[in-house]
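Text of work-v3.csv (CSV, C-alpha atoms) as supplied:
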```csv
chain,number,residue,atom,x,y,z
G,1,MET,CA,22.3,-9.4,23.4
G,2,GLN,CA,20.2,-8.5,20.3
G,3,PHE,CA,21.4,-6.4,17.4
G,4,ARG,CA,18.0,-4.7,17.3
G,5,ASP,CA,15.9,-5.8,20.2
G,6,LEU,CA,12.4,-6.2,18.7
G,7,HIS,CA,11.3,-8.3,21.7
G,8,ALA,CA,12.0,-5.4,24.1
G,9,GLN,CA,10.0,-3.1,22.0
G,10,TYR,CA,7.1,-5.6,21.8
G,11,GLU,CA,7.1,-6.0,25.6
G,12,ALA,CA,6.8,-2.2,25.9
G,13,LEU,CA,3.9,-2.0,23.4
G,14,LYS,CA,2.4,-5.5,23.9
G,15,SER,CA,-1.2,-4.4,24.9
G,16,GLU,CA,-1.6,-2.0,22.0
G,17,ILE,CA,-0.1,-4.3,19.4
G,18,ASP,CA,-2.1,-7.3,20.6
G,19,LYS,CA,-5.3,-5.3,20.6
G,20,GLY,CA,-4.6,-4.0,17.1
G,21,ILE,CA,-4.1,-7.5,15.7
G,22,ASN,CA,-7.2,-8.8,17.4
G,23,ASP,CA,-9.3,-5.9,16.1
G,24,VAL,CA,-8.3,-6.8,12.5
G,25,ILE,CA,-9.0,-10.5,13.0
G,26,ASN,CA,-12.4,-9.6,14.5
G,27,SER,CA,-13.3,-7.3,11.6
G,28,THR,CA,-11.9,-9.7,9.0
G,29,SER,CA,-10.9,-6.7,6.9
G,30,PHE,CA,-7.5,-8.1,6.1
G,31,ILE,CA,-6.8,-6.1,2.9
G,32,LEU,CA,-6.8,-2.3,2.8
G,33,GLY,CA,-8.8,-2.1,6.0
G,34,ARG,CA,-9.4,1.0,8.1
G,35,GLN,CA,-6.1,0.8,9.8
G,36,VAL,CA,-4.2,1.1,6.5
G,37,THR,CA,-5.9,4.4,5.7
G,38,GLU,CA,-5.4,5.6,9.3
G,39,LEU,CA,-1.7,4.8,9.1
G,40,GLU,CA,-1.2,6.4,5.7
G,41,ASN,CA,-2.9,9.6,6.9
G,42,GLU,CA,-0.7,9.8,10.1
G,43,LEU,CA,2.5,9.0,8.2
G,44,ALA,CA,1.8,11.7,5.5
G,45,SER,CA,1.1,14.3,8.2
G,46,TYR,CA,4.3,13.3,10.1
G,47,VAL,CA,6.7,13.7,7.1
G,48,GLY,CA,4.9,16.7,5.7
G,49,ARG,CA,3.6,15.2,2.4
G,50,LYS,CA,0.1,15.4,1.0
G,51,HIS,CA,-0.2,11.7,0.3
G,52,CYS,CA,1.1,8.4,1.6
G,53,VAL,CA,0.5,5.2,-0.4
G,54,SER,CA,1.5,2.1,1.5
G,55,CYS,CA,2.6,-1.1,-0.3
G,56,GLY,CA,4.0,-4.5,0.2
G,57,ASN,CA,7.7,-3.7,0.8
G,58,GLY,CA,10.4,-1.1,0.4
G,59,THR,CA,11.6,-2.5,-3.0
G,60,ASP,CA,8.1,-2.3,-4.4
G,61,ALA,CA,7.9,1.3,-3.1
G,62,LEU,CA,10.9,2.3,-5.2
G,63,VAL,CA,9.7,0.4,-8.3
G,64,LEU,CA,6.2,1.9,-8.1
G,65,ALA,CA,7.7,5.4,-7.6
G,66,LEU,CA,9.8,5.1,-10.7
G,67,LYS,CA,7.0,3.5,-12.7
G,68,ALA,CA,4.6,6.3,-11.7
G,69,HIS,CA,7.1,8.8,-13.2
G,70,ASN,CA,7.4,6.8,-16.4
G,71,VAL,CA,11.0,5.7,-15.9
G,72,GLY,CA,11.8,2.8,-18.2
G,73,ALA,CA,14.0,1.4,-21.0
G,74,GLY,CA,16.7,3.7,-22.2
G,75,ASP,CA,16.7,5.8,-19.0
G,76,ALA,CA,19.7,6.1,-16.6
G,77,VAL,CA,18.9,6.1,-12.8
G,78,PHE,CA,21.7,7.3,-10.6
G,79,THR,CA,22.3,5.9,-7.1
G,80,ALA,CA,25.0,5.3,-4.6
G,81,ASP,CA,27.5,2.5,-5.1
G,82,PHE,CA,27.4,1.7,-1.4
G,83,THR,CA,23.9,0.7,-0.5
G,84,TYR,CA,21.4,-2.2,-0.4
G,85,ILE,CA,20.6,-3.9,-3.7
G,86,ALA,CA,17.0,-2.5,-3.8
G,87,SER,CA,18.3,1.1,-4.3
G,88,ALA,CA,19.7,-0.1,-7.6
G,89,SER,CA,17.5,-3.1,-8.6
G,90,CYS,CA,14.4,-0.8,-8.7
G,91,ALA,CA,15.7,0.8,-11.9
G,92,GLU,CA,16.4,-2.6,-13.5
G,93,LEU,CA,13.0,-3.8,-12.6
G,94,VAL,CA,11.3,-1.0,-14.6
G,95,GLY,CA,13.7,-1.6,-17.5
G,96,ALA,CA,16.0,1.3,-16.8
G,97,THR,CA,19.8,1.2,-16.2
G,98,SER,CA,21.5,1.8,-12.9
G,99,VAL,CA,24.4,4.1,-12.8
G,100,PHE,CA,26.5,4.3,-9.6
G,101,ALA,CA,28.2,7.2,-7.9
G,102,ASP,CA,30.7,7.1,-5.1
G,103,ILE,CA,29.9,8.1,-1.5
G,104,ASP,CA,31.0,10.7,1.0
G,105,LEU,CA,32.9,8.7,3.6
G,106,ASN,CA,31.8,11.0,6.4
G,107,THR,CA,28.1,10.3,5.9
G,108,PHE,CA,28.1,7.1,3.8
G,109,ASN,CA,25.6,8.9,1.5
G,110,ILE,CA,26.0,9.7,-2.2
G,111,CYS,CA,28.7,12.2,-3.0
G,112,PRO,CA,27.2,15.1,-5.0
G,113,LYS,CA,30.5,15.7,-6.9
G,114,SER,CA,30.7,12.0,-8.0
G,115,LEU,CA,27.0,12.1,-8.9
G,116,GLU,CA,27.4,15.0,-11.3
G,117,GLU,CA,30.5,13.4,-12.8
G,118,GLN,CA,28.5,10.2,-13.5
G,119,ILE,CA,25.6,12.3,-15.0
G,120,GLN,CA,28.1,14.1,-17.3
G,121,LYS,CA,29.7,10.8,-18.3
G,122,VAL,CA,26.3,9.3,-19.3
G,123,ILE,CA,25.4,12.4,-21.3
G,124,LYS,CA,28.8,12.3,-23.1
G,125,GLU,CA,28.4,8.6,-24.0
G,126,GLY,CA,25.0,9.3,-25.4
G,127,LYS,CA,23.6,5.8,-24.9
G,128,LEU,CA,21.2,6.5,-22.1
G,129,LYS,CA,18.9,9.4,-21.1
G,130,PRO,CA,19.6,10.7,-17.6
G,131,LYS,CA,16.2,10.5,-15.9
G,132,ALA,CA,16.2,10.0,-12.1
G,133,ILE,CA,18.4,10.1,-9.0
G,134,VAL,CA,17.7,7.7,-6.1
G,135,PRO,CA,19.6,9.2,-3.1
G,136,VAL,CA,19.8,6.8,-0.2
G,137,ASP,CA,19.5,8.0,3.4
G,138,LEU,CA,22.0,5.4,4.4
G,139,PHE,CA,22.3,4.0,8.0
G,140,ARG,CA,20.6,6.9,9.7
G,141,LEU,CA,20.9,10.3,7.9
G,142,PRO,CA,19.1,12.1,5.1
G,143,ALA,CA,21.3,12.6,2.1
G,144,ASN,CA,22.8,16.0,1.1
G,145,PHE,CA,19.6,17.1,-0.6
G,146,GLU,CA,20.6,20.8,-0.8
G,147,GLU,CA,23.3,19.8,-3.3
G,148,ILE,CA,21.4,16.9,-4.9
G,149,GLU,CA,18.4,19.1,-5.7
G,150,LYS,CA,20.7,21.7,-7.4
G,151,ILE,CA,22.1,18.9,-9.6
G,152,ALA,CA,18.6,17.5,-10.3
G,153,LYS,CA,17.4,20.9,-11.4
G,154,LYS,CA,20.4,21.5,-13.6
G,155,TYR,CA,19.9,18.3,-15.5
G,156,ASN,CA,16.1,18.1,-15.3
G,157,LEU,CA,16.1,14.8,-13.2
G,158,ILE,CA,13.5,13.3,-11.0
G,159,ILE,CA,14.5,12.7,-7.3
G,160,VAL,CA,13.3,9.5,-5.7
G,161,GLU,CA,14.3,9.6,-2.0
G,162,ASP,CA,15.1,6.2,-0.6
G,163,ALA,CA,14.5,6.8,3.1
G,164,ALA,CA,14.3,3.1,4.2
G,165,GLN,CA,17.1,3.7,6.7
G,166,GLY,CA,16.5,7.4,7.3
G,167,PHE,CA,12.8,7.6,8.3
G,168,GLY,CA,12.4,9.8,11.3
G,169,GLY,CA,15.5,11.9,10.5
G,170,ASN,CA,15.4,15.5,9.3
G,171,ILE,CA,17.4,18.4,8.0
G,172,ASN,CA,16.6,21.7,9.7
G,173,GLY,CA,13.2,20.3,10.6
G,174,LYS,CA,12.4,19.0,7.1
G,175,MET,CA,11.6,15.3,7.5
G,176,ALA,CA,13.1,12.4,5.7
G,177,CYS,CA,10.5,11.2,3.1
G,178,SER,CA,9.7,14.8,2.2
G,179,PHE,CA,12.6,15.4,-0.1
G,180,GLY,CA,12.6,15.3,-3.9
G,181,ASP,CA,9.7,14.6,-6.2
G,182,ILE,CA,8.7,11.4,-4.5
G,183,SER,CA,10.0,9.4,-1.5
G,184,CYS,CA,9.9,5.9,-0.3
G,185,THR,CA,10.5,3.9,2.9
G,186,SER,CA,10.5,0.3,4.1
G,187,PHE,CA,8.8,-1.2,7.2
G,188,PHE,CA,11.1,-4.3,7.2
G,189,PRO,CA,11.3,-5.3,10.9
G,190,ALA,CA,14.9,-4.0,11.5
G,191,LYS,CA,14.2,-0.5,10.0
G,192,PRO,CA,13.7,2.5,12.3
G,193,LEU,CA,10.0,2.0,11.9
G,194,GLY,CA,9.4,-1.7,11.2
G,195,CYS,CA,6.4,-4.0,11.1
G,196,TYR,CA,6.2,-7.8,11.7
G,197,GLY,CA,6.8,-8.8,8.1
G,198,ASP,CA,7.3,-6.8,4.9
G,199,GLY,CA,5.8,-3.4,4.2
G,200,GLY,CA,6.6,-0.1,2.6
G,201,ALA,CA,5.3,3.3,1.7
G,202,ILE,CA,5.5,6.0,-0.9
G,203,PHE,CA,5.1,9.7,-0.3
G,204,THR,CA,4.1,12.4,-2.8
G,205,ASP,CA,2.4,15.8,-3.0
G,206,ASP,CA,1.1,15.2,-6.5
G,207,ASP,CA,-2.6,14.1,-6.6
G,208,SER,CA,-2.4,12.4,-10.0
G,209,ILE,CA,0.8,10.5,-9.0
G,210,ALA,CA,-0.9,9.3,-5.8
G,211,GLU,CA,-3.9,8.1,-7.7
G,212,ARG,CA,-1.7,6.3,-10.1
G,213,LEU,CA,0.2,4.7,-7.3
G,214,ARG,CA,-3.0,3.4,-5.7
G,215,SER,CA,-3.9,1.9,-9.1
G,216,LEU,CA,-0.4,0.4,-9.7
G,217,ARG,CA,-0.2,-1.3,-6.3
G,218,ALA,CA,-3.5,-3.1,-7.1
G,219,GLY,CA,-2.9,-4.5,-10.6
G,220,GLY,CA,-3.4,-1.3,-12.4
G,221,LYS,CA,-7.1,-1.1,-11.6
G,222,SER,CA,-9.4,1.8,-12.4
G,223,PRO,CA,-10.4,3.9,-9.3
G,224,VAL,CA,-14.1,3.2,-10.1
G,225,ASP,CA,-14.0,-0.4,-11.3
G,226,LYS,CA,-11.4,-2.8,-9.9
G,227,TYR,CA,-12.0,-5.2,-12.9
G,228,ASP,CA,-11.2,-2.5,-15.4
G,229,ASN,CA,-7.4,-2.4,-15.4
G,230,ARG,CA,-6.1,0.6,-17.2
G,231,GLU,CA,-2.4,-0.4,-17.2
G,232,ILE,CA,-0.3,-3.3,-16.0
G,233,GLY,CA,0.4,-3.0,-12.3
G,234,THR,CA,1.4,-5.3,-9.5
G,235,ASN,CA,-0.1,-6.8,-6.3
G,236,SER,CA,1.6,-4.9,-3.5
G,237,ARG,CA,-0.7,-3.9,-0.7
G,238,LEU,CA,0.2,-3.4,2.9
G,239,ASP,CA,-1.7,-6.0,5.0
G,240,THR,CA,-4.2,-4.5,7.5
G,241,ILE,CA,-2.6,-6.5,10.3
G,242,GLN,CA,0.8,-4.9,9.5
G,243,ALA,CA,-0.9,-1.5,9.6
G,244,ALA,CA,-2.4,-2.3,13.0
G,245,ILE,CA,1.0,-3.3,14.3
G,246,LEU,CA,2.7,-0.2,12.8
G,247,LEU,CA,0.2,2.3,14.4
G,248,PRO,CA,1.3,1.8,18.0
G,249,LYS,CA,4.9,1.4,17.0
G,250,PHE,CA,4.7,4.7,15.0
G,251,HIS,CA,3.2,6.5,18.0
G,252,ALA,CA,6.1,5.2,20.2
G,253,PHE,CA,8.6,6.1,17.5
G,254,LYS,CA,7.6,9.7,17.3
G,255,ASP,CA,6.9,10.1,21.0
G,256,TYR,CA,10.1,8.8,22.4
G,257,GLU,CA,12.0,6.2,20.4
G,258,VAL,CA,13.8,8.7,18.1
G,259,ASN,CA,14.9,10.7,21.2
G,260,ASP,CA,16.0,7.6,23.1
G,261,VAL,CA,18.0,6.2,20.2
G,262,ASN,CA,19.8,9.5,19.9
G,263,LYS,CA,20.8,9.1,23.6
G,264,VAL,CA,22.2,5.6,22.8
G,265,ALA,CA,24.2,7.1,19.9
G,266,GLY,CA,25.5,9.7,22.2
G,267,TRP,CA,26.8,7.1,24.7
G,268,TYR,CA,28.6,5.2,21.9
G,269,THR,CA,30.2,8.4,20.5
G,270,GLU,CA,31.3,9.6,23.9
G,271,LEU,CA,33.0,6.3,24.7
G,272,LEU,CA,34.5,5.7,21.2
G,273,LYS,CA,35.4,9.1,19.9
G,274,ASP,CA,39.1,9.6,19.2
G,275,LYS,CA,39.6,5.8,19.3
G,276,VAL,CA,37.7,4.9,16.1
G,277,VAL,CA,35.9,6.9,13.4
G,278,THR,CA,32.4,7.4,14.8
G,279,PRO,CA,29.4,8.5,12.7
G,280,LYS,CA,29.1,12.2,12.1
G,281,VAL,CA,25.9,14.1,12.2
G,282,PRO,CA,26.2,17.4,10.2
G,283,SER,CA,24.9,20.6,11.7
G,284,GLY,CA,21.2,20.9,11.3
G,285,TYR,CA,20.6,17.2,10.8
G,286,LEU,CA,18.8,14.8,13.1
G,287,SER,CA,19.5,11.1,12.8
G,288,SER,CA,17.1,8.2,13.4
G,289,TRP,CA,20.0,5.8,13.7
G,290,ALA,CA,18.9,2.7,11.7
G,291,GLN,CA,22.5,1.7,12.3
G,292,TYR,CA,25.4,2.9,14.4
G,293,THR,CA,28.3,2.3,12.1
G,294,ILE,CA,32.0,2.9,12.9
G,295,LEU,CA,35.0,2.9,10.7
G,296,LEU,CA,38.0,0.8,11.9
G,297,LYS,CA,41.6,1.1,10.5
G,298,ASN,CA,41.3,-1.8,8.1
G,299,SER,CA,39.7,-5.1,7.4
G,300,GLU,CA,42.2,-6.9,9.7
G,301,GLU,CA,41.3,-4.8,12.7
G,302,ARG,CA,37.6,-5.2,11.9
G,303,SER,CA,37.9,-8.9,11.8
G,304,LYS,CA,39.7,-8.9,15.1
G,305,VAL,CA,37.1,-6.7,16.8
G,306,GLN,CA,34.1,-8.6,15.3
G,307,SER,CA,35.5,-11.9,16.5
G,308,LYS,CA,36.1,-10.6,20.0
G,309,LEU,CA,32.5,-9.1,20.1
G,310,LYS,CA,31.2,-12.5,19.1
G,311,GLU,CA,33.1,-14.2,21.9
G,312,ASN,CA,31.4,-11.9,24.3
G,313,GLY,CA,27.9,-12.7,22.9
G,314,ILE,CA,27.7,-9.3,21.1
G,315,PRO,CA,26.3,-9.3,17.6
G,316,SER,CA,27.7,-7.0,14.9
G,317,MET,CA,27.1,-6.6,11.2
G,318,ILE,CA,29.1,-5.5,8.1
G,319,TYR,CA,26.8,-3.3,6.0
G,320,TYR,CA,28.0,-3.7,3.2
G,321,PRO,CA,30.9,-6.1,2.3
G,322,ARG,CA,30.9,-5.0,-1.4
G,323,GLY,CA,29.8,-2.1,-3.5
G,324,MET,CA,27.0,-2.3,-6.1
G,325,HIS,CA,29.5,-2.4,-8.9
G,326,GLN,CA,31.0,-5.6,-7.3
G,327,GLN,CA,27.7,-7.4,-7.2
G,328,GLN,CA,27.3,-10.3,-9.5
G,329,ALA,CA,24.1,-8.8,-10.9
G,330,PHE,CA,26.1,-5.8,-12.2
G,331,LYS,CA,29.3,-7.6,-13.3
G,332,ASN,CA,28.3,-7.0,-16.9
G,333,LEU,CA,28.9,-3.3,-16.5
G,334,ASN,CA,32.7,-3.9,-16.1
G,335,LEU,CA,33.1,-1.1,-13.5
G,336,LYS,CA,36.4,-0.6,-11.8
G,337,ASP,CA,37.1,-0.4,-8.0
G,338,SER,CA,39.2,2.7,-8.7
G,339,ASP,CA,36.1,4.6,-9.8
G,340,TYR,CA,34.6,4.2,-6.3
G,341,PRO,CA,37.5,4.7,-3.8
G,342,ASN,CA,35.3,5.8,-0.9
G,343,ALA,CA,32.8,2.9,-1.3
G,344,ILE,CA,35.7,0.4,-1.5
G,345,GLU,CA,37.2,2.0,1.7
G,346,ALA,CA,33.9,1.7,3.4
G,347,THR,CA,33.5,-2.0,2.5
G,348,LYS,CA,36.8,-2.8,4.2
G,349,ARG,CA,36.3,-0.8,7.4
G,350,VAL,CA,32.7,-0.4,8.4
G,351,LEU,CA,31.2,-2.3,11.3
G,352,SER,CA,27.7,-1.8,12.6
G,353,LEU,CA,27.0,-2.2,16.3
G,354,PRO,CA,23.8,-3.1,18.2
G,355,MET,CA,21.5,-0.2,18.1
G,356,HIS,CA,17.9,0.4,19.2
G,357,PRO,CA,16.0,2.8,21.5
G,358,TYR,CA,15.6,0.2,24.3
G,359,MET,CA,19.4,-0.3,24.9
G,360,LYS,CA,20.7,0.3,28.4
G,361,LYS,CA,23.9,2.3,29.0
G,362,GLU,CA,25.6,-0.7,30.6
G,363,ASP,CA,25.1,-2.6,27.3
G,364,VAL,CA,26.8,0.2,25.4
G,365,GLU,CA,29.6,0.3,27.9
G,366,LEU,CA,30.2,-3.4,27.6
G,367,ILE,CA,30.3,-3.2,23.8
G,368,CYS,CA,32.7,-0.3,23.8
G,369,SER,CA,35.0,-1.9,26.4
G,370,VAL,CA,35.4,-5.0,24.2
G,371,ILE,CA,36.2,-2.8,21.2
G,372,LEU,CA,38.7,-0.6,23.0
G,373,LYS,CA,40.7,-3.6,24.2
G,374,GLU,CA,41.2,-4.8,20.6
G,375,ILE,CA,42.3,-1.6,18.8
```
Is it possible to give me this structure as structure tokens?
Amino acid sequence: MQFRDLHAQYEALKSEIDKGINDVINSTSFILGRQVTELENELASYVGRKHCVSCGNGTDALVLALKAHNVGAGDAVFTADFTYIASASCAELVGATSVFADIDLNTFNICPKSLEEQIQKVIKEGKLKPKAIVPVDLFRLPANFEEIEKIAKKYNLIIVEDAAQGFGGNINGKMACSFGDISCTSFFPAKPLGCYGDGGAIFTDDDSIAERLRSLRAGGKSPVDKYDNREIGTNSRLDTIQAAILLPKFHAFKDYEVNDVNKVAGWYTELLKDKVVTPKVPSGYLSSWAQYTILLKNSEERSKVQSKLKENGIPSMIYYPRGMHQQQAFKNLNLKDSDYPNAIEATKRVLSLPMHPYMKKEDVELICSVILKEI
């Protein structure tokens, strides 16, 4: 059994994917070819943004988004303590400083109350200027943008939505990647919409920001002369082959995969509810289920369940075994576990189960039967 069965997806889309790859090879337009523009236009339309600017990976998307809004040295960038390193390292990579807030254990997303407390703490200390929030749509679900946007407005902060794990979800019909001032996603293969390598995208409604992003992803070049570099940028362009792979995958994603993966989540929840803590989807939200993550009683029970799943050939993952403040890269901040009780609780209890739109009900039943025997 695969944790996320990319082969099953390939078999379903093989003819379109193979044709797309061959078309690129025959055209020899490997960098910023027609398919890149086509993909960008379709993605922008899907999420409801004016512009989509693709790039080399999800981390670059976040870095470029911050850089395009002039976030840098002396600035504080707030994000969740329980997330992947890119949500925090993006700030450090532009010279800013990451500041961590605790999470809501019901959604695994940033807790607005903790976020505001951290902003006030930074203001009181007076060493950094609060500049941006990077809310993470963790595991499956857009963050609580209703509350986050109020906080951002109150303190005049930029919102950079990290929708790497939330792409395809929505809140009352408003799509992930359409929240905040600018938004980012990743096309890492295991993401809800993934390519066959690395890739990412940035979404904005601001014409001047979009123009600057297209410059920054190509070395800072002028829009009229690529050898006239108006600022220091990077080399982060989505390969045309990856765009050609993403196009049929995106069509399947919006046509049926999001619907099918929600069916799989429903099977899990029906079998596991009242036995473990299953993921909650608040009213008005739609999830794209990058992960199906349960909470077990403690780390001992989790170890026992994970071991038994492995014995039965069933993969599982712990996302994430430590909070950002516990990472070696941030040890110098000397942050305490007691400041992040929900994040610490999550690190001890979370377990992510196989999840993808091509799963069969009997697979879910097998997984759940193994879990239920061990708790």
* **Who sits within 9 Å of Asp337 of chain G, all atoms listed in the file, same chain under 2 positions skipped, as a count of residues only** => 9
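With all atoms listed in the file as the atoms that count, the residue of G:Ile209, G:Ala65, G:Ile241, G:Val94 with the shortest distance to Leu32 of chain G is G:Ile241.
Distance check against His356 of chain G using only C-alpha atoms: of G:Thr37, G:Gln291, G:Ser27, G:Ser222, the minimum falls on G:Gln291.
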* **Two-atom distance - atom CA of Glu147 of chain G, atom CA of Val281 of chain G (Å)** => 16.7 Å
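Residues in contact with Ala201 of chain G at 10 Å, where all atoms listed in the file are counted and same-chain residues fewer than 5 positions away are skipped, are listed as G:Glu40, G:Leu43, G:Ala44, G:Cys52, G:Val53, G:Ser54, G:Cys55, G:Gly56, G:Asn57, G:Gly58, G:Thr59, G:Asp60, G:Ala61, G:Leu62, G:Leu64, G:Ala65, G:Ala163, G:Ala164, G:Cys177, G:Ser183, G:Cys184, G:Thr185, G:Ser186, G:Phe187, G:Arg237, G:Leu238.
Interatomic distance, atom CA of Pro130 of chain G to atom CA of Asp75 of chain G: 5.9 Å.
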* Asked: Using all atoms listed in the file, which residue out of G:Ile110, G:Ile318, G:Leu6, G:Ala68 lies closest to Tyr196 of chain G?
  -> G:Leu6
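Put simply, atom CA of Thr79 of chain G is 11.7 Å away from atom CA of Lys131 of chain G.
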* Near-Glu92 of chain G list (12 Å; only C-alpha atoms; drop same-chain fewer than 6 positions) as a VMD selection string -> chain G and resid 59 62 to 63 66 to 67 71 to 78 85 to 86 98 to 99 329 to 330
If I only have part of segment 129-151 of chain G, can you fill in N, CA and C atoms and write it as an mmCIF file, in the frame of the given file?
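Contents of out_8.cif, as written:
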```cif
data_model
loop_
_atom_site.group_PDB
_atom_site.id
_atom_site.type_symbol
_atom_site.label_atom_id
_atom_site.label_comp_id
_atom_site.auth_asym_id
_atom_site.auth_seq_id
_atom_site.Cartn_x
_atom_site.Cartn_y
_atom_site.Cartn_z
ATOM 1 N N LYS G 129 19.459 8.083 -21.457
ATOM 2 C CA LYS G 129 18.900 9.400 -21.100
ATOM 3 C C LYS G 129 18.912 9.531 -19.589
ATOM 4 N N PRO G 130 19.659 10.474 -19.018
ATOM 5 C CA PRO G 130 19.600 10.700 -17.600
ATOM 6 C C PRO G 130 18.134 11.028 -17.175
ATOM 7 N N LYS G 131 17.575 10.282 -16.206
ATOM 8 C CA LYS G 131 16.200 10.500 -15.900
ATOM 9 C C LYS G 131 15.886 10.675 -14.410
ATOM 10 N N ALA G 132 16.578 9.954 -13.543
ATOM 11 C CA ALA G 132 16.200 10.000 -12.100
ATOM 12 C C ALA G 132 17.451 9.781 -11.242
ATOM 13 N N ILE G 133 17.365 10.321 -10.030
ATOM 14 C CA ILE G 133 18.400 10.100 -9.000
ATOM 15 C C ILE G 133 17.644 9.395 -7.820
ATOM 16 N N VAL G 134 18.251 8.346 -7.282
ATOM 17 C CA VAL G 134 17.700 7.700 -6.100
ATOM 18 C C VAL G 134 18.744 7.879 -4.968
ATOM 19 N N PRO G 135 18.691 9.023 -4.264
ATOM 20 C CA PRO G 135 19.600 9.200 -3.100
ATOM 21 C C PRO G 135 19.148 8.368 -1.960
ATOM 22 N N VAL G 136 20.111 7.717 -1.314
ATOM 23 C CA VAL G 136 19.800 6.800 -0.200
ATOM 24 C C VAL G 136 20.155 7.498 1.117
ATOM 25 N N ASP G 137 19.207 7.504 2.046
ATOM 26 C CA ASP G 137 19.500 8.000 3.400
ATOM 27 C C ASP G 137 20.101 6.872 4.204
ATOM 28 N N LEU G 138 21.374 6.627 3.969
ATOM 29 C CA LEU G 138 22.000 5.400 4.400
ATOM 30 C C LEU G 138 22.281 5.405 5.937
ATOM 31 N N PHE G 139 21.956 4.296 6.586
ATOM 32 C CA PHE G 139 22.300 4.000 8.000
ATOM 33 C C PHE G 139 21.479 4.846 9.001
ATOM 34 N N ARG G 140 21.192 6.139 8.672
ATOM 35 C CA ARG G 140 20.600 6.900 9.700
ATOM 36 C C ARG G 140 20.236 8.352 9.318
ATOM 37 N N LEU G 141 20.752 8.831 8.185
ATOM 38 C CA LEU G 141 20.900 10.300 7.900
ATOM 39 C C LEU G 141 20.341 10.619 6.558
ATOM 40 N N PRO G 142 19.493 11.657 6.437
ATOM 41 C CA PRO G 142 19.100 12.100 5.100
ATOM 42 C C PRO G 142 20.338 12.480 4.269
ATOM 43 N N ALA G 143 20.248 12.235 2.970
ATOM 44 C CA ALA G 143 21.300 12.600 2.100
ATOM 45 C C ALA G 143 21.494 14.097 1.949
ATOM 46 N N ASN G 144 22.518 14.535 1.239
ATOM 47 C CA ASN G 144 22.800 16.000 1.100
ATOM 48 C C ASN G 144 21.854 16.543 -0.004
ATOM 49 N N PHE G 145 20.588 16.745 0.396
ATOM 50 C CA PHE G 145 19.600 17.100 -0.600
ATOM 51 C C PHE G 145 19.764 18.559 -1.093
ATOM 52 N N GLU G 146 20.407 19.406 -0.337
ATOM 53 C CA GLU G 146 20.600 20.800 -0.800
ATOM 54 C C GLU G 146 21.437 20.731 -2.121
ATOM 55 N N GLU G 147 22.490 19.920 -2.149
ATOM 56 C CA GLU G 147 23.300 19.800 -3.300
ATOM 57 C C GLU G 147 22.664 18.922 -4.400
ATOM 58 N N ILE G 148 22.035 17.847 -3.967
ATOM 59 C CA ILE G 148 21.400 16.900 -4.900
ATOM 60 C C ILE G 148 20.277 17.617 -5.682
ATOM 61 N N GLU G 149 19.500 18.441 -4.996
ATOM 62 C CA GLU G 149 18.400 19.100 -5.700
ATOM 63 C C GLU G 149 18.918 20.144 -6.694
ATOM 64 N N LYS G 150 20.064 20.772 -6.437
ATOM 65 C CA LYS G 150 20.700 21.700 -7.400
ATOM 66 C C LYS G 150 21.058 20.889 -8.681
ATOM 67 N N ILE G 151 21.648 19.723 -8.478
ATOM 68 C CA ILE G 151 22.100 18.900 -9.600
ATOM 69 C C ILE G 151 20.853 18.410 -10.398
#
```
